[in-house]
$ cat query.csv   # CSV, C-alpha atoms
chain,number,residue,atom,x,y,z
S,15,MET,CA,11.7,22.7,-25.2
S,16,THR,CA,15.3,21.9,-24.4
S,17,HIS,CA,16.2,21.5,-20.7
S,18,PRO,CA,19.7,21.9,-19.2
S,19,VAL,CA,21.6,18.9,-18.0
S,20,ALA,CA,23.1,20.7,-15.0
S,21,LEU,CA,23.4,24.3,-13.7
S,22,PRO,CA,24.1,26.2,-10.5
S,23,ALA,CA,21.0,26.1,-8.4
S,24,MET,CA,21.3,29.7,-7.4
S,25,GLU,CA,21.1,30.7,-11.1
S,26,VAL,CA,17.5,29.5,-11.2
S,27,ALA,CA,15.3,32.5,-10.9
S,28,PRO,CA,13.0,32.6,-7.8
S,29,ARG,CA,9.3,32.0,-8.5
S,30,ALA,CA,7.7,35.2,-9.8
S,31,ARG,CA,4.7,34.7,-7.6
S,32,PRO,CA,5.9,34.0,-4.0
S,33,SER,CA,2.7,32.0,-3.0
S,34,ASN,CA,-0.3,30.4,-4.6
S,35,TYR,CA,-2.4,31.0,-1.5
S,36,PRO,CA,-5.3,33.4,-1.6
S,37,PRO,CA,-4.1,36.9,-0.9
S,38,GLU,CA,-5.1,36.9,2.8
S,39,PHE,CA,-2.9,33.9,3.4
S,40,ALA,CA,-0.2,34.7,0.8
S,41,VAL,CA,0.9,37.7,2.9
S,42,ARG,CA,2.0,35.3,5.6
S,43,MET,CA,4.6,33.9,3.3
S,44,ALA,CA,6.7,37.1,3.3
S,45,GLY,CA,10.4,36.2,3.5
S,46,ARG,CA,10.0,32.9,1.6
S,47,VAL,CA,11.9,32.5,-1.7
S,48,LYS,CA,11.5,29.3,-3.8
S,49,ARG,CA,13.5,28.3,-6.8
S,50,ALA,CA,11.7,25.5,-8.7
S,51,LEU,CA,14.7,23.4,-9.6
S,52,GLY,CA,12.7,20.4,-10.9
S,53,ASP,CA,10.8,22.6,-13.4
S,54,VAL,CA,14.0,23.8,-15.0
S,55,PHE,CA,14.9,20.2,-15.9
S,56,GLY,CA,11.3,19.4,-17.1
S,57,LEU,CA,10.6,17.0,-14.2
S,58,ARG,CA,6.9,16.0,-14.3
S,59,ASN,CA,6.5,13.3,-11.6
S,60,PHE,CA,8.0,15.2,-8.7
S,61,GLY,CA,9.0,18.7,-7.8
S,62,VAL,CA,12.2,20.0,-6.3
S,63,ASN,CA,12.5,23.4,-4.7
S,64,LEU,CA,15.4,25.2,-3.2
S,65,THR,CA,13.7,27.2,-0.5
S,66,GLU,CA,15.1,30.1,1.5
S,67,LEU,CA,13.4,31.4,4.6
S,68,ALA,CA,14.4,34.8,5.9
S,69,PRO,CA,14.4,35.4,9.7
S,70,GLY,CA,10.8,35.3,10.9
S,71,ALA,CA,9.5,33.6,7.8
S,72,ALA,CA,7.5,30.4,7.5
S,73,SER,CA,7.7,27.7,4.8
S,74,ALA,CA,3.9,27.3,4.5
S,75,LEU,CA,0.7,27.4,6.4
S,76,HIS,CA,0.4,24.4,8.8
S,77,HIS,CA,-0.8,21.7,6.4
S,78,MET,CA,-1.0,18.1,5.4
S,79,HIS,CA,-1.5,16.4,2.0
S,80,SER,CA,-4.0,13.6,1.3
S,81,ARG,CA,-2.1,11.9,-1.5
S,82,GLN,CA,1.3,13.6,-1.9
S,83,ASP,CA,4.5,12.8,0.0
S,84,GLU,CA,7.0,15.5,1.0
S,85,PHE,CA,10.6,15.4,2.0
S,86,ILE,CA,13.0,18.2,3.1
S,87,PHE,CA,16.8,18.3,3.5
S,88,MET,CA,18.4,21.1,5.4
S,89,LEU,CA,21.3,22.9,3.7
S,90,GLU,CA,22.0,26.1,5.7
S,91,GLY,CA,20.8,27.7,8.9
S,92,ARG,CA,18.4,26.4,11.5
S,93,LEU,CA,14.7,26.0,11.3
S,94,VAL,CA,12.0,24.8,13.7
S,95,LEU,CA,9.8,22.0,12.3
S,96,VAL,CA,6.3,22.4,13.8
S,97,THR,CA,4.2,19.2,13.5
S,98,GLY,CA,0.8,17.9,14.7
S,99,ASP,CA,-0.6,20.0,17.4
S,100,GLY,CA,2.5,22.1,18.0
S,101,ASP,CA,5.4,19.6,18.6
S,102,GLU,CA,8.7,21.2,17.7
S,103,THR,CA,12.0,19.9,16.3
S,104,LEU,CA,15.1,21.9,15.6
S,105,LEU,CA,16.5,21.2,12.1
S,106,GLN,CA,20.1,22.0,11.2
S,107,PRO,CA,22.3,21.4,8.1
S,108,GLY,CA,22.3,17.7,7.2
S,109,ASP,CA,19.0,17.0,9.0
S,110,CYS,CA,16.1,15.7,6.9
S,111,ALA,CA,12.4,15.1,7.5
S,112,GLY,CA,9.6,13.3,5.6
S,113,PHE,CA,5.9,13.7,5.5
S,114,PRO,CA,3.9,10.8,4.0
S,115,ALA,CA,0.5,11.5,2.5
S,116,GLY,CA,-2.1,11.7,5.3
S,117,GLY,CA,0.7,12.2,7.9
S,118,PRO,CA,0.8,15.0,10.5
S,119,ALA,CA,0.2,18.6,9.6
S,120,HIS,CA,3.5,20.5,9.5
S,121,HIS,CA,5.4,23.7,8.5
S,122,LEU,CA,8.8,25.2,9.1
S,123,GLU,CA,9.7,28.5,10.9
S,124,ASN,CA,12.9,30.5,10.9
S,125,ARG,CA,13.3,31.8,14.4
S,126,GLU,CA,17.0,32.7,13.9
S,127,ALA,CA,18.7,35.9,12.9
S,128,GLU,CA,20.1,34.4,9.6
S,129,ALA,CA,18.4,33.0,6.5
S,130,ALA,CA,18.0,29.2,6.2
S,131,ARG,CA,18.0,27.1,3.0
S,132,TYR,CA,16.6,23.6,2.4
S,133,LEU,CA,15.7,21.3,-0.5
S,134,GLU,CA,12.0,20.5,-0.7
S,135,LEU,CA,10.9,17.4,-2.7
S,136,GLY,CA,7.3,16.4,-3.3
S,137,ASP,CA,5.5,14.1,-5.7
S,138,ARG,CA,2.8,15.3,-8.0
S,139,THR,CA,0.1,12.7,-7.4
S,140,GLU,CA,-3.2,13.6,-9.1
S,141,GLY,CA,-6.2,14.3,-6.9
S,142,ASP,CA,-4.3,15.6,-3.9
S,143,GLU,CA,-6.1,17.7,-1.3
S,144,VAL,CA,-4.4,19.8,1.3
S,145,SER,CA,-6.0,20.6,4.6
S,146,TYR,CA,-5.0,23.5,6.9
S,147,PRO,CA,-6.0,22.7,10.4
S,148,ALA,CA,-5.3,26.2,11.8
S,149,ASP,CA,-6.9,28.1,8.9
S,150,ASP,CA,-10.2,28.2,7.1
S,151,LEU,CA,-8.7,26.8,3.9
S,152,VAL,CA,-8.7,23.7,1.8
S,153,ALA,CA,-6.7,23.2,-1.5
S,154,VAL,CA,-7.6,20.8,-4.2
S,155,SER,CA,-5.2,19.8,-7.0
S,156,ALA,CA,-6.7,20.8,-10.3
S,157,GLY,CA,-4.5,19.9,-13.3
S,158,SER,CA,-3.0,23.3,-13.9
S,159,GLY,CA,-2.8,24.4,-10.3
S,160,TRP,CA,-4.7,24.5,-7.0
S,161,LEU,CA,-8.3,25.5,-6.2
S,162,PHE,CA,-8.6,27.1,-2.8
S,163,ARG,CA,-11.9,26.9,-0.8
S,164,HIS,CA,-13.2,27.7,2.6
S,165,LYS,CA,-13.8,24.6,4.8
S,166,ASP,CA,-17.5,25.0,4.1
S,167,GLY,CA,-16.8,24.7,0.3
S,168,ARG,CA,-17.1,28.3,-0.7
S,169,SER,CA,-14.4,29.5,-3.2
S,170,TYR,CA,-11.9,32.2,-2.4

$ encode --input "query.csv" --output "structure tokens"
Amino acid sequence: MTHPVALPAMEVAPRARPSNYPPEFAVRMAGRVKRALGDVFGLRNFGVNLTELAPGAASALHHMHSRQDEFIFMLEGRLVLVTGDGDETLLQPGDCAGFPAGGPAHHLENREAEAARYLELGDRTEGDEVSYPADDLVAVSAGSGWLFRHKDGRSY
């Protein structure tokens, strides 16, 4: 497959499926649009998403990765970064944040009246597990995607 060398980011189609979460959690991602920029170029070792959050939308469930690192860079708008047990930091264009594997749980919220956009970068380390402290959910990386389970091990 031939990949482009360059292209306008907004020409990359949004993901067809807005969330990989089980349906009862996926509905909480309403207002989030991701454009998988890294996939368009055939990147295999890390992912790059251009993510837009509408007013009232969240980036993800409150989560932390066991093996993967994450980094975000604000492009437009204002978002609240919620970390740990509820600490909050306002992010504006030009701000960035990083989340090492095993670091604090985190997510972003758009509490403003306008949409916000940011770049999201993450590695694709095998064997990653994601924990969701506020929800009965655990995700395990499984080659072709994620397996979601309850915290007691039952599948969704």

$ residues_around --input "query.csv" --residues "S:His76" --least-positions-apart "4" --cutoff "6 Å" --atoms "all atoms listed in the file" --output "count of residues only"
4

$ closest_residue --input "query.csv" --among "S:Arg49, S:His164, S:His17, S:Arg42" --to "S:Ala30" --atoms "all atoms listed in the file"
S:Arg49

$ residues_near_point --input "query.csv" --point "(-2.5, 19.1, -15.5)" --cutoff "12 Å" --atoms "all atoms listed in the file" --output "list in words"
Arg58, Asn59, Arg138, Thr139, Glu140, Gly141, Ser155, Ala156, Gly157, Ser158, Gly159 and Trp160 of chain S

$ atom_distance --input "query.csv" --atom1 "atom CA of S:Glu128" --atom2 "atom CA of S:Lys48"
16.7 Å

$ closest_residue --input "query.csv" --among "S:Glu90, S:Glu25, S:Asp109, S:Glu66" --to "S:Leu51" --atoms "all atoms listed in the file"
S:Glu25

$ closest_residue --input "query.csv" --among "S:Leu133, S:Glu102, S:Ser169, S:Met24" --to "S:Leu151" --atoms "only C-alpha atoms"
S:Ser169

$ closest_residue --input "query.csv" --among "S:Met78, S:Ile86, S:Val154, S:Ala71" --to "S:Pro118" --atoms "only C-alpha atoms"
S:Met78

$ closest_residue --input "query.csv" --among "S:Met43, S:Ala148, S:Ala50, S:Met15" --to "S:Leu64" --atoms "only C-alpha atoms"
S:Ala50

$ closest_residue --input "query.csv" --among "S:Cys110, S:Ala23, S:Val144, S:Leu67" --to "S:Met88" --atoms "all atoms listed in the file"
S:Cys110

$ decode --input "query.csv" --residues "stretch 88-144 of chain S" --atoms "C-alpha atoms" --output "mmCIF file, in the first residue's frame"
data_model
loop_
_atom_site.group_PDB
_atom_site.id
_atom_site.type_symbol
_atom_site.label_atom_id
_atom_site.label_comp_id
_atom_site.auth_asym_id
_atom_site.auth_seq_id
_atom_site.Cartn_x
_atom_site.Cartn_y
_atom_site.Cartn_z
ATOM 1 C CA MET S 88 -3.152 21.904 22.313
ATOM 2 C CA LEU S 89 -3.944 23.551 18.979
ATOM 3 C CA GLU S 90 -7.257 25.395 19.428
ATOM 4 C CA GLY S 91 -9.688 26.172 22.233
ATOM 5 C CA ARG S 92 -9.400 25.435 25.933
ATOM 6 C CA LEU S 93 -9.651 22.116 27.755
ATOM 7 C CA VAL S 94 -9.507 21.063 31.370
ATOM 8 C CA LEU S 95 -7.012 18.283 32.086
ATOM 9 C CA VAL S 96 -8.286 16.157 34.966
ATOM 10 C CA THR S 97 -5.589 14.029 36.630
ATOM 11 C CA GLY S 98 -5.240 11.725 39.586
ATOM 12 C CA ASP S 99 -8.085 12.116 42.041
ATOM 13 C CA GLY S 100 -9.542 15.220 40.409
ATOM 14 C CA ASP S 101 -6.727 17.753 40.111
ATOM 15 C CA GLU S 102 -7.503 20.158 37.245
ATOM 16 C CA THR S 103 -5.277 22.135 34.880
ATOM 17 C CA LEU S 104 -6.493 24.506 32.175
ATOM 18 C CA LEU S 105 -4.854 23.858 28.787
ATOM 19 C CA GLN S 106 -4.785 26.472 26.014
ATOM 20 C CA PRO S 107 -3.205 26.614 22.530
ATOM 21 C CA GLY S 108 0.515 25.939 22.752
ATOM 22 C CA ASP S 109 0.238 23.996 26.029
ATOM 23 C CA CYS S 110 1.272 20.365 26.179
ATOM 24 C CA ALA S 111 1.032 17.496 28.659
ATOM 25 C CA GLY S 112 2.636 14.077 28.911
ATOM 26 C CA PHE S 113 1.614 10.889 30.626
ATOM 27 C CA PRO S 114 4.292 8.244 31.175
ATOM 28 C CA ALA S 115 3.234 4.625 31.442
ATOM 29 C CA GLY S 116 2.034 3.927 34.963
ATOM 30 C CA GLY S 117 1.531 7.642 35.592
ATOM 31 C CA PRO S 118 -1.588 9.273 36.963
ATOM 32 C CA ALA S 119 -5.019 8.597 35.515
ATOM 33 C CA HIS S 120 -6.198 11.404 33.249
ATOM 34 C CA HIS S 121 -8.708 12.702 30.711
ATOM 35 C CA LEU S 122 -9.655 16.013 29.080
ATOM 36 C CA GLU S 123 -12.972 17.853 29.264
ATOM 37 C CA ASN S 124 -14.276 20.685 27.109
ATOM 38 C CA ARG S 125 -16.179 22.991 29.451
ATOM 39 C CA GLU S 126 -16.168 25.891 26.993
ATOM 40 C CA ALA S 127 -18.768 27.049 24.432
ATOM 41 C CA GLU S 128 -16.475 26.328 21.450
ATOM 42 C CA ALA S 129 -14.809 23.194 20.110
ATOM 43 C CA ALA S 130 -11.179 22.473 20.981
ATOM 44 C CA ARG S 131 -8.522 20.594 18.995
ATOM 45 C CA TYR S 132 -5.336 18.907 20.054
ATOM 46 C CA LEU S 133 -2.753 16.437 18.792
ATOM 47 C CA GLU S 134 -2.579 13.174 20.693
ATOM 48 C CA LEU S 135 0.517 10.981 20.384
ATOM 49 C CA GLY S 136 0.992 7.563 21.924
ATOM 50 C CA ASP S 137 3.272 4.611 21.461
ATOM 51 C CA ARG S 138 2.031 1.151 20.583
ATOM 52 C CA THR S 139 3.928 -0.947 23.105
ATOM 53 C CA GLU S 140 2.720 -4.550 23.141
ATOM 54 C CA GLY S 141 1.107 -5.906 26.276
ATOM 55 C CA ASP S 142 -0.378 -2.617 27.438
ATOM 56 C CA GLU S 143 -3.246 -2.643 29.917
ATOM 57 C CA VAL S 144 -5.481 0.312 30.669
#
